[in-house]
file structure20.txt (compact mmCIF, C-alpha atoms)
# COMPACT_ATOMS: atom_id res chain seq x y z
CA MET A 28 -3.31 16.87 -6.88
CA GLU A 29 -4.66 19.24 -4.25
CA ASN A 30 -4.03 18.29 -0.64
CA LEU A 31 -1.48 15.65 -1.49
CA PHE A 32 -0.40 15.31 2.13
CA GLN A 33 -3.92 14.30 3.23
CA HIS A 34 -4.03 11.82 0.36
CA ILE A 35 -0.73 10.30 1.56
CA LEU A 36 -2.05 9.94 5.12
CA ASP A 37 -5.29 8.37 3.87
CA ARG A 38 -3.54 5.98 1.49
CA ILE A 39 -1.09 4.83 4.19
CA THR A 40 -4.05 4.22 6.52
CA GLU A 41 -5.77 2.20 3.80
CA LEU A 42 -2.71 0.04 3.13
CA ASN A 43 -1.49 -0.26 6.71
CA PRO A 44 -4.25 0.80 9.15
CA MET A 45 -2.16 0.35 12.29
CA HIS A 46 0.58 2.61 11.00
CA GLY A 47 -1.82 5.13 9.48
CA LYS A 48 -3.65 5.48 12.77
CA LYS A 49 -0.43 6.25 14.59
CA LEU A 50 0.63 8.83 12.00
CA LYS A 51 -2.69 10.65 12.00
CA LYS A 52 -2.65 10.81 15.79
CA SER A 53 0.92 12.07 15.99
CA VAL A 54 0.57 14.88 13.42
CA LYS A 55 -2.80 16.13 14.72
CA SER A 56 -1.31 18.51 17.26
CA LEU A 57 1.30 20.08 14.93
CA GLY A 58 -0.76 23.01 13.64
CA PRO A 59 -1.35 24.73 10.28
CA ASP A 60 2.30 25.68 9.64
CA TYR A 61 3.19 22.02 9.72
CA PHE A 62 0.45 21.04 7.26
CA ASN A 63 1.46 23.82 4.84
CA LYS A 64 5.13 22.83 5.02
CA ALA A 65 4.29 19.13 4.58
CA GLU A 66 2.10 19.91 1.56
CA GLU A 67 4.88 21.97 -0.04
CA PHE A 68 7.42 19.21 0.66
CA TYR A 69 5.36 16.38 -0.84
CA GLN A 70 4.29 18.46 -3.86
CA LYS A 71 7.99 18.98 -4.57
CA TYR A 72 8.73 15.27 -4.10
CA ASN A 73 5.78 14.38 -6.33
CA ARG A 74 7.19 16.57 -9.13
CA ILE A 75 10.57 14.81 -8.81
CA LEU A 76 8.86 11.41 -8.97
CA PHE A 77 6.82 12.52 -11.98
CA SER A 78 9.96 13.57 -13.84
CA SER A 79 11.23 9.99 -13.55
CA GLY A 80 7.93 8.43 -14.60
CA LYS A 81 6.73 7.57 -11.08
CA THR A 82 3.86 8.68 -8.88
CA ILE A 83 3.40 9.27 -5.17
CA GLU A 84 2.15 5.65 -4.91
CA PHE A 85 5.76 4.59 -5.44
CA GLY A 86 6.88 6.78 -2.53
CA ILE A 87 4.13 5.37 -0.30
CA ASP A 88 5.10 1.77 -1.14
CA CYS A 89 8.75 2.51 -0.41
CA TYR A 90 7.80 4.15 2.88
CA LEU A 91 5.69 1.20 4.07
CA HIS A 92 8.40 -1.26 3.04
CA MET A 93 10.94 0.72 5.08
CA CYS A 94 8.54 0.87 8.07
CA ASN A 95 8.17 -2.91 7.98
CA ASP A 96 11.95 -3.32 7.98
CA MET A 97 12.11 -0.98 10.96
CA MET A 98 9.40 -2.82 12.85
CA PHE A 99 11.26 -6.08 12.39
CA GLU A 100 14.55 -4.49 13.47
CA GLN A 101 12.73 -2.98 16.49
CA LEU A 102 11.43 -6.40 17.54
CA ARG A 103 14.87 -7.96 17.45
CA PHE A 104 16.39 -4.91 19.13
CA MET A 105 13.95 -5.17 22.04
CA GLU A 106 15.08 -8.75 22.43
CA THR A 107 18.86 -8.41 22.05
CA GLY A 108 19.51 -4.77 22.95
CA LYS A 109 21.78 -4.54 19.88
CA TYR A 110 21.55 -3.32 16.30
CA SER A 111 21.63 -6.15 13.76
CA ASN A 112 24.57 -4.52 11.96
CA THR A 113 27.71 -3.58 13.80
CA SER A 114 30.06 -2.76 10.94
CA PHE A 115 30.03 -0.39 8.00
CA ASP A 116 31.05 -3.30 5.72
CA GLU A 117 27.91 -5.27 6.61
CA VAL A 118 25.68 -2.28 5.86
CA ASN A 119 27.61 -1.55 2.69
CA LYS A 120 27.04 -5.08 1.43
CA ASN A 121 23.37 -5.35 2.46
CA VAL A 122 22.18 -1.80 1.81
CA TYR A 123 24.47 0.78 0.18
CA ASP A 124 25.73 -1.67 -2.42
CA ASN A 125 22.27 -3.07 -3.13
CA PRO A 126 20.42 -0.75 -5.55
CA ALA A 127 16.99 -2.34 -4.99
CA VAL A 128 17.22 -1.88 -1.21
CA MET A 129 18.72 1.60 -1.56
CA GLU A 130 15.88 2.73 -3.79
CA TYR A 131 13.04 1.90 -1.41
CA HIS A 132 15.02 2.79 1.70
CA MET A 133 16.03 6.26 0.47
CA ASN A 134 12.59 7.08 -0.86
CA GLY A 135 11.05 5.74 2.36
CA LEU A 136 13.33 7.96 4.43
CA LEU A 137 12.45 10.95 2.32
CA MET A 138 8.75 10.28 2.82
CA SER A 139 9.32 10.04 6.58
CA GLU A 140 10.77 13.54 6.73
CA MET A 141 7.40 15.22 7.21
CA LEU A 142 5.34 12.20 8.25
CA TRP A 143 7.25 11.70 11.48
CA HIS A 144 6.53 14.38 14.05
CA HIS A 145 10.00 14.07 15.60
CA HIS A 146 11.63 14.81 12.23
CA TYR A 147 9.48 17.91 11.83
CA LYS A 148 10.15 19.05 15.40
CA VAL A 149 13.91 18.72 14.86
CA TYR A 150 13.59 20.73 11.64
CA SER A 151 11.62 23.43 13.52
CA PHE A 152 14.20 23.43 16.32
CA PHE A 153 16.95 23.91 13.73
CA LYS A 154 15.13 26.75 11.95
CA GLU A 155 14.37 28.63 15.14
CA ASN A 156 17.95 28.53 16.41
CA PHE A 157 19.71 28.76 13.05
CA ASN A 158 18.19 32.22 12.56
CA HIS A 159 20.29 33.59 15.45
CA HIS A 160 23.50 32.49 13.71
CA LEU A 161 22.86 33.96 10.27
CA PRO A 162 24.90 37.22 10.58
CA SER A 163 28.08 35.28 11.41
CA ILE A 164 27.89 32.78 8.53
CA ALA A 165 29.89 33.46 5.35
CA ARG A 166 30.75 29.80 4.70
CA TYR A 167 28.25 26.99 5.33
CA LEU A 168 28.90 23.25 4.97
CA GLU A 169 26.60 20.30 5.15
CA ILE A 170 28.00 16.79 5.62
CA GLY A 171 25.68 14.11 4.28
CA GLY A 172 23.08 16.46 2.83
CA GLY A 173 20.52 13.73 2.19
CA HIS A 174 17.31 15.07 0.68
CA GLY A 175 18.40 18.70 1.02
CA LEU A 176 15.83 20.02 3.49
CA PHE A 177 18.44 21.76 5.66
CA THR A 178 20.39 22.86 2.58
CA GLN A 179 17.25 24.56 1.30
CA GLU A 180 17.02 26.54 4.56
CA ALA A 181 20.64 27.65 4.13
CA VAL A 182 19.97 28.70 0.52
CA ASN A 183 16.89 30.68 1.62
CA ASP A 184 18.49 32.33 4.66
CA LEU A 185 22.08 32.90 3.46
CA PRO A 186 21.85 34.49 -0.01
CA ASN A 187 25.43 35.80 0.13
CA ALA A 188 27.17 32.85 1.77
CA ILE A 189 29.16 30.05 0.18
CA ILE A 190 27.13 26.88 0.58
CA ASP A 191 28.93 23.56 0.20
CA VAL A 192 27.64 20.00 0.55
CA VAL A 193 29.89 16.97 0.87
CA ASP A 194 28.27 13.56 0.55
CA ILE A 195 29.61 10.06 -0.07
CA SER A 196 26.43 9.05 -1.90
CA LYS A 197 25.89 9.98 -5.53
CA SER A 198 22.16 9.31 -5.28
CA SER A 199 21.84 11.63 -2.25
CA ILE A 200 23.56 14.42 -4.16
CA GLU A 201 21.33 13.89 -7.19
CA LEU A 202 18.25 14.03 -4.97
CA SER A 203 19.45 17.16 -3.18
CA LYS A 204 20.13 18.86 -6.53
CA GLN A 205 16.53 18.20 -7.54
CA PHE A 206 15.14 19.28 -4.19
CA VAL A 207 17.05 22.45 -3.51
CA SER A 208 15.98 25.47 -5.54
CA GLY A 209 16.71 29.18 -5.78
CA GLY A 210 20.42 29.40 -4.99
CA SER A 211 23.91 28.22 -5.73
CA VAL A 212 25.18 25.12 -3.93
CA ASN A 213 28.56 23.44 -4.49
CA TYR A 214 28.32 19.66 -4.26
CA TYR A 215 31.36 17.47 -3.50
CA LEU A 216 30.93 13.75 -4.05
CA LYS A 217 33.46 12.31 -1.63
CA ASP A 218 34.14 10.78 1.74
CA VAL A 219 34.32 13.61 4.28
CA TYR A 220 37.67 12.23 5.52
CA GLU A 221 39.08 13.04 2.07
CA TYR A 222 37.55 16.52 2.04
CA ASN A 223 40.22 19.09 2.92
CA PRO A 224 39.24 22.59 1.79
CA GLU A 225 41.72 25.44 2.23
CA VAL A 226 39.29 27.69 4.09
CA LYS A 227 37.33 26.60 7.14
CA TYR A 228 33.61 27.00 7.76
CA ASP A 229 31.54 29.22 10.04
CA PHE A 230 28.70 26.75 10.33
CA ILE A 231 28.44 22.98 9.67
CA VAL A 232 25.32 20.82 9.64
CA MET A 233 25.50 17.05 9.96
CA GLY A 234 22.05 15.49 10.31
CA GLU A 235 21.63 11.80 11.11
CA VAL A 236 25.10 10.65 10.09
CA LEU A 237 26.80 9.66 13.37
CA GLU A 238 24.72 6.51 13.80
CA HIS A 239 25.88 5.21 10.40
CA VAL A 240 29.57 5.01 11.29
CA GLU A 241 31.64 2.74 13.52
CA ASP A 242 33.63 5.58 15.06
CA PRO A 243 31.47 8.69 15.66
CA VAL A 244 34.23 10.41 17.69
CA ALA A 245 36.57 10.31 14.68
CA LEU A 246 33.83 11.76 12.48
CA LEU A 247 33.10 14.58 14.94
CA LYS A 248 36.85 15.29 15.18
CA LYS A 249 36.90 15.64 11.40
CA LEU A 250 33.97 18.06 11.63
CA HIS A 251 35.91 19.93 14.35
CA SER A 252 38.88 20.29 11.98
CA LEU A 253 36.67 21.82 9.27
CA LEU A 254 35.24 24.48 11.56
CA ASN A 255 36.59 27.96 12.36
CA GLU A 256 37.66 28.59 15.96
CA ASN A 257 34.40 30.48 16.62
CA GLY A 258 32.38 28.33 14.25
CA LYS A 259 29.23 26.45 15.27
CA ALA A 260 27.79 23.10 14.28
CA PHE A 261 24.37 21.51 14.30
CA ILE A 262 24.13 17.74 14.62
CA THR A 263 21.30 15.26 15.00
CA THR A 264 21.35 11.56 15.78
CA PRO A 265 18.76 9.10 17.07
CA THR A 266 19.11 6.90 20.14
CA ASN A 267 17.70 3.35 20.12
CA ALA A 268 16.93 3.47 16.41
CA PRO A 269 17.32 0.01 14.89
CA THR A 270 17.22 0.16 11.09
CA ILE A 271 18.91 -1.76 8.31
CA ASP A 272 21.69 0.85 7.97
CA HIS A 273 22.45 1.96 11.54
CA VAL A 274 25.69 0.74 13.05
CA TYR A 275 26.52 2.74 16.18
CA LEU A 276 24.06 2.41 19.04
CA PHE A 277 23.50 5.46 21.24
CA ARG A 278 21.35 4.27 24.14
CA ASN A 279 20.46 7.66 25.60
CA ARG A 280 21.29 11.37 25.60
CA LYS A 281 24.37 10.86 27.76
CA ASP A 282 25.91 8.44 25.23
CA VAL A 283 25.66 11.13 22.55
CA VAL A 284 26.90 14.00 24.72
CA ASP A 285 29.91 11.92 25.86
CA ILE A 286 30.92 11.39 22.22
CA ILE A 287 30.44 15.09 21.43
CA GLU A 288 32.65 16.11 24.36
CA LYS A 289 35.33 13.53 23.50
CA ALA A 290 35.61 15.16 20.08
CA GLY A 291 36.33 18.58 21.62
CA PHE A 292 32.88 20.16 21.45
CA GLU A 293 30.40 21.45 23.96
CA VAL A 294 26.64 21.56 23.57
CA TYR A 295 25.03 24.98 24.02
CA VAL A 296 21.44 24.29 22.90
CA GLU A 297 19.84 20.86 22.63
CA SER A 298 16.55 19.10 22.06
CA CYS A 299 15.43 15.52 22.80
CA ILE A 300 12.24 14.27 21.13
CA TYR A 301 10.77 10.78 21.44
CA ALA A 302 9.47 9.28 18.21
CA GLU A 303 6.28 8.08 19.87
CA ASP A 304 3.80 9.95 21.97
CA LEU A 305 4.20 7.77 25.06
CA PRO A 306 4.94 8.46 28.72
CA PRO A 307 8.76 8.72 29.06
CA GLU A 308 8.94 5.59 31.26
CA THR A 309 7.05 3.49 28.65
CA ALA A 310 9.19 4.97 25.86
CA GLU A 311 12.32 4.04 27.79
CA GLU A 312 11.09 0.52 28.58
CA MET A 313 10.18 -0.12 24.93
CA LYS A 314 13.49 1.43 23.84
CA ILE A 315 11.63 3.90 21.65
CA THR A 316 13.77 6.06 19.37
CA MET A 317 14.64 9.51 20.69
CA MET A 318 15.93 12.14 18.29
CA TYR A 319 18.79 14.14 19.75
CA ALA A 320 19.59 17.49 18.15
CA ALA A 321 22.20 19.98 19.34
CA PHE A 322 24.10 23.13 18.46
CA LEU A 323 27.79 22.76 19.26
CA LYS A 324 30.78 25.02 19.74
CA LYS A 325 34.45 24.23 20.20
CA LYS A 326 35.61 23.79 23.81
CA MET B 18 -2.61 -26.57 18.50
CA GLU B 19 -5.75 -26.01 16.41
CA THR B 20 -6.81 -22.67 14.96
CA PRO B 21 -9.75 -22.00 17.38
CA GLU B 22 -7.44 -22.53 20.32
CA ILE B 23 -4.83 -20.22 18.79
CA LEU B 24 -7.50 -17.59 18.15
CA ASN B 25 -8.70 -17.90 21.71
CA GLN B 26 -5.19 -17.42 23.03
CA LEU B 27 -4.63 -14.48 20.69
CA GLN B 28 -7.75 -12.86 22.10
CA THR B 29 -6.31 -13.12 25.63
CA ILE B 30 -3.02 -11.60 24.44
CA PHE B 31 -4.76 -8.79 22.53
CA ARG B 32 -6.91 -7.92 25.55
CA SER B 33 -3.88 -7.81 27.81
CA VAL B 34 -1.66 -5.74 25.45
CA MET B 35 -4.44 -3.31 24.50
CA ASP B 36 -5.81 -3.21 28.03
CA ASN B 37 -9.35 -3.76 26.71
CA GLU B 38 -11.44 -6.73 27.85
CA ASP B 39 -14.11 -6.05 25.21
CA ILE B 40 -11.96 -7.06 22.24
CA GLN B 41 -13.56 -9.92 20.27
CA LEU B 42 -11.33 -11.41 17.60
CA THR B 43 -12.35 -13.29 14.47
CA ASP B 44 -10.32 -14.46 11.45
CA THR B 45 -11.15 -11.26 9.60
CA THR B 46 -10.38 -8.75 12.39
CA THR B 47 -7.93 -6.05 11.26
CA ALA B 48 -6.47 -2.95 12.87
CA ILE B 49 -9.47 -1.03 11.52
CA ASP B 50 -11.72 -2.96 13.91
CA VAL B 51 -9.64 -2.49 17.07
CA GLU B 52 -9.10 1.12 18.05
CA GLU B 53 -6.02 0.49 20.20
CA TRP B 54 -4.24 -1.61 17.53
CA ASP B 55 -1.64 0.74 16.05
CA SER B 56 1.98 0.26 15.04
CA ILE B 57 3.21 0.60 18.64
CA THR B 58 0.80 -1.85 20.22
CA HIS B 59 1.47 -4.14 17.22
CA ILE B 60 5.11 -4.45 18.27
CA GLN B 61 4.07 -5.22 21.85
CA LEU B 62 1.60 -7.74 20.45
CA ILE B 63 4.17 -9.55 18.32
CA VAL B 64 6.59 -9.68 21.27
CA ALA B 65 3.85 -11.19 23.48
CA VAL B 66 2.79 -13.68 20.76
CA GLU B 67 6.37 -14.82 20.13
CA LYS B 68 6.94 -15.24 23.85
CA PHE B 69 3.74 -17.17 24.52
CA PHE B 70 3.98 -19.55 21.55
CA LYS B 71 7.80 -19.74 21.76
CA ILE B 72 8.20 -18.91 18.06
CA LYS B 73 10.01 -16.25 15.99
CA PHE B 74 8.58 -14.48 12.97
CA ASN B 75 10.78 -13.32 10.11
CA ALA B 76 10.46 -9.92 8.40
CA ALA B 77 8.47 -11.28 5.45
CA GLU B 78 5.95 -13.00 7.74
CA ILE B 79 5.43 -9.84 9.76
CA ARG B 80 4.94 -7.86 6.56
CA ALA B 81 2.36 -10.36 5.30
CA PHE B 82 -0.12 -10.24 8.21
CA LYS B 83 -3.30 -8.64 6.92
CA ASN B 84 -5.68 -9.84 9.63
CA VAL B 85 -5.89 -11.99 12.74
CA GLY B 86 -6.65 -15.10 10.65
CA GLU B 87 -3.33 -14.78 8.80
CA LEU B 88 -1.50 -14.28 12.07
CA ALA B 89 -3.16 -17.41 13.51
CA SER B 90 -2.39 -19.45 10.42
CA THR B 91 1.32 -18.44 10.50
CA ILE B 92 1.45 -19.38 14.19
CA LYS B 93 -0.16 -22.75 13.38
CA SER B 94 2.36 -23.52 10.64
CA LYS B 95 5.25 -22.62 12.94
CA LEU B 96 3.95 -24.88 15.70
CA ALA B 97 3.44 -27.82 13.32
call {"tool": "encode", "arguments": {"input": "structure20.txt", "output": "C-alpha cells"}}
result
Amino acid sequence: MENLFQHILDRITELNPMHGKKLKKSVKSLGPDYFNKAEEFYQKYNRILFSSGKTIEFGIDCYLHMCNDMMFEQLRFMETGKYSNTSFDEVNKNVYDNPAVMEYHMNGLLMSEMLWHHHYKVYSFFKENFNHHLPSIARYLEIGGGHGLFTQEAVNDLPNAIIDVVDISKSSIELSKQFVSGGSVNYYLKDVYEYNPEVKYDFIVMGEVLEHVEDPVALLKKLHSLLNENGKAFITTPTNAPTIDHVYLFRNRKDVVDIIEKAGFEVYVESCIYAEDLPPETAEEMKITMMYAAFLKKK
Amino acid sequence: METPEILNQLQTIFRSVMDNEDIQLTDTTTAIDVEEWDSITHIQLIVAVEKFFKIKFNAAEIRAFKNVGELASTIKSKLA
C-alpha cells in the first residue's frame, strides 16, 4: 500500500475521531523528513505483520486499545497523583505475564513510535547528538532494545563496532530481530543485573526503561558499571506517564536528574518534550507526560 | 435524572471545557461534529462529568462511548 502512514492516520481518525484529530494536528509541523521516516517505519512494520498473517488493521486496533488504557490511567492519575501500579510484581502479573495484554500493548507501543511527535523528536535528538560520538564507539550496548529503532541507527552508523542488546523480554528481542536489518547484532535474553560481560562499553542506550522498575538508581548504577571510564550513555524516561506497566513516577525533570546524579552520572546534553502541544502551565496542571532524554557521562 | 436533563447539563459542561458557547449537543453528536473535542479535551470533559454527577467511569465504559447519547445513557444508569 502506497502512503501507508496517511492511511493509518485516516483510519485512526475514522475509528476514534478525537484521537485522530489530535494526532493529525501534532504531526503537521514535523516536515517531510518525518513523513518519509514514518512511511519507512510503518512499511517495515506492515511487512512483519504480513509475515505472521496480520495486517496493519491489527496494529491500529492494538494502538487504540492501548490509548484507551492510557486515557483511563491518566484520568485516575489526575485524581490520585499516583500510578495505579507501584510494584514490578503487580505489573508482571497484570501485563508481562498476560500474553493477551502484552500482544496489544507491545504492538500499540510500536505503532506509537512515529505517531507521537514527542517520540519522533526524541529519536531526532538522539540521532543528531549520537553522530558526534561515533568515532569513539567500538562497543555499543542497548538495554531493553524494544522495537529496535535505536539499534538500527547503531547498525547503520557503526559498521565496525560490536553491537550488543540485552533484554529481559523474549518477544522484544524477536521483534527487534525482525526490525533491524543490514548488520550484525548480538542479542542476550537476560535480566541486565545478570549481564556481566568481560569488556566494558563505550556507549550504552537505555530508552524508556527506568519508569518500569522500582529502583531506578540501582538500574543506573548497573549501567554505570557496564560503561568505560570515558564512556557515554543515552537515556530516556517520561514524567507523569500513567500506563498499565509504569511503576516509578518521575514528576518532573528534577526528579529524573536527581536519580541520574545519585547513580554517579552527570547530564551533558538534555531535551524535555511535552507529549501535548499545550502551554507549559496547562501541561503542568493537567500533569501531561513530558519525555526526558539525556546524554550522560560518569562524574 | 432524566436523559434530557442530563443532555442539558452535558451541554453546559461541554461549553465550559471547550470554551465555546455555540456547541449544541444531541444524542448523535460525536467528536467529528465538535472541532475542539479531541483526546485532550475529552479527558478534561470526563473529569468534569465525573465531578458534576459524582460518578466514576471504568475503562470499559470510557472505551465504549461512541457519541453523546451513549455518554448520557451511561450517566443515567450510574445515577439510577
call {"tool": "residues_around", "arguments": {"input": "structure20.txt", "residues": "Ser56 of chain B", "least_positions_apart": "4", "cutoff": "12 Å", "atoms": "all atoms listed in the file", "output": "PDB file with C-alpha atoms, in the coordinates of the input"}}
result
ATOM      1  CA  THR A  40      -4.050   4.220   6.520  1.00  0.00           C
ATOM      2  CA  ASN A  43      -1.490  -0.260   6.710  1.00  0.00           C
ATOM      3  CA  PRO A  44      -4.250   0.800   9.150  1.00  0.00           C
ATOM      4  CA  MET A  45      -2.160   0.350  12.290  1.00  0.00           C
ATOM      5  CA  HIS A  46       0.580   2.610  11.000  1.00  0.00           C
ATOM      6  CA  GLY A  47      -1.820   5.130   9.480  1.00  0.00           C
ATOM      7  CA  LYS A  48      -3.650   5.480  12.770  1.00  0.00           C
ATOM      8  CA  LYS A  49      -0.430   6.250  14.590  1.00  0.00           C
ATOM      9  CA  LEU A  50       0.630   8.830  12.000  1.00  0.00           C
ATOM     10  CA  LYS A  51      -2.690  10.650  12.000  1.00  0.00           C
ATOM     11  CA  LYS A  52      -2.650  10.810  15.790  1.00  0.00           C
ATOM     12  CA  SER A  53       0.920  12.070  15.990  1.00  0.00           C
ATOM     13  CA  LEU A  91       5.690   1.200   4.070  1.00  0.00           C
ATOM     14  CA  CYS A  94       8.540   0.870   8.070  1.00  0.00           C
ATOM     15  CA  ASN A  95       8.170  -2.910   7.980  1.00  0.00           C
ATOM     16  CA  MET A  97      12.110  -0.980  10.960  1.00  0.00           C
ATOM     17  CA  MET A  98       9.400  -2.820  12.850  1.00  0.00           C
ATOM     18  CA  PHE A  99      11.260  -6.080  12.390  1.00  0.00           C
ATOM     19  CA  GLN A 101      12.730  -2.980  16.490  1.00  0.00           C
ATOM     20  CA  LEU A 102      11.430  -6.400  17.540  1.00  0.00           C
ATOM     21  CA  GLU A 303       6.280   8.080  19.870  1.00  0.00           C
TER      22      GLU A 303
ATOM     23  CA  MET B  35      -4.440  -3.310  24.500  1.00  0.00           C
ATOM     24  CA  ALA B  48      -6.470  -2.950  12.870  1.00  0.00           C
ATOM     25  CA  GLU B  52      -9.100   1.120  18.050  1.00  0.00           C
ATOM     26  CA  ILE B  60       5.110  -4.450  18.270  1.00  0.00           C
ATOM     27  CA  GLN B  61       4.070  -5.220  21.850  1.00  0.00           C
ATOM     28  CA  LEU B  62       1.600  -7.740  20.450  1.00  0.00           C
ATOM     29  CA  ILE B  63       4.170  -9.550  18.320  1.00  0.00           C
ATOM     30  CA  ILE B  79       5.430  -9.840   9.760  1.00  0.00           C
TER      31      ILE B  79
END
call {"tool": "residues_around", "arguments": {"input": "structure20.txt", "residues": "Asn158 of chain A", "least_positions_apart": "2", "cutoff": "10 Å", "atoms": "all atoms listed in the file", "output": "PyMOL selection string"}}
result
chain A and resi 153-156+160-162+180-181+184-185
call {"tool": "interface_residues", "arguments": {"input": "structure20.txt", "of": "chain B", "to": "chain A", "cutoff": "12 Å", "atoms": "only C-alpha atoms", "output": "number ranges by chain"}}
result
B: 46-68, 73-84
call {"tool": "atom_distance", "arguments": {"input": "structure20.txt", "atom1": "atom CA of Tyr228 of chain A", "atom2": "atom CA of Leu254 of chain A"}}
result
4.8 Å
call {"tool": "axis_aligned_box", "arguments": {"input": "structure20.txt", "around": "segment 42-53 of chain B", "padding_each_side": "6 Å", "output": "AutoDock Vina command-line options"}}
result
--center_x -9.2 --center_y -6.7 --center_z 14.9 --size_x 18.3 --size_y 27.6 --size_z 22.6
call {"tool": "closest_residue", "arguments": {"input": "structure20.txt", "among": "A:Tyr222, A:Pro306, A:Phe230, A:Tyr123", "to": "Lys197 of chain A", "atoms": "all atoms listed in the file"}}
result
A:Tyr123
call {"tool": "atom_distance", "arguments": {"input": "structure20.txt", "atom1": "atom CA of Lys259 of chain A", "atom2": "atom CA of Asn213 of chain A"}}
result
20.0 Å
call {"tool": "residues_around", "arguments": {"input": "structure20.txt", "residues": "Glu169 of chain A", "least_positions_apart": "2", "cutoff": "7 Å", "atoms": "all atoms listed in the file", "output": "PyMOL selection string"}}
result
chain A and resi 167+171-172+191-193+231-233
call {"tool": "atom_distance", "arguments": {"input": "structure20.txt", "atom1": "atom CA of Leu42 of chain B", "atom2": "atom CA of Leu96 of chain B"}}
result
20.5 Å
call {"tool": "closest_residue", "arguments": {"input": "structure20.txt", "among": "B:Ser33, B:Ile23, B:Asp39, B:Phe69", "to": "Leu88 of chain B", "atoms": "all atoms listed in the file"}}
result
B:Ile23
call {"tool": "residues_around", "arguments": {"input": "structure20.txt", "residues": "Gln41 of chain B", "least_positions_apart": "5", "cutoff": "12 Å", "atoms": "only C-alpha atoms", "output": "PyMOL selection string"}}
result
chain B and resi 24-32+46-47+50-51+85
call {"tool": "residues_around", "arguments": {"input": "structure20.txt", "residues": "Asn223 of chain A", "least_positions_apart": "6", "cutoff": "12 Å", "atoms": "only C-alpha atoms", "output": "compact mmCIF listing (two decimals) with C-alpha atoms, in the coordinates of the input"}}
result
# COMPACT_ATOMS: atom_id res chain seq x y z
CA VAL A 193 29.89 16.97 0.87
CA TYR A 215 31.36 17.47 -3.50
CA LYS A 217 33.46 12.31 -1.63
CA LYS A 249 36.90 15.64 11.40
CA LEU A 250 33.97 18.06 11.63
CA SER A 252 38.88 20.29 11.98
CA LEU A 253 36.67 21.82 9.27
CA LEU A 254 35.24 24.48 11.56
call {"tool": "residues_near_point", "arguments": {"input": "structure20.txt", "point": "(13.0, 0.7, -2.8)", "cutoff": "12 Å", "atoms": "only C-alpha atoms", "output": "list in words"}}
result
Phe85, Gly86, Ile87, Asp88, Cys89, Tyr90, Leu91, His92, Met93, Cys94, Asp96, Val122, Tyr123, Asn125, Pro126, Ala127, Val128, Met129, Glu130, Tyr131, His132, Met133, Asn134, Gly135, Leu136, Leu137 and Met138 of chain A
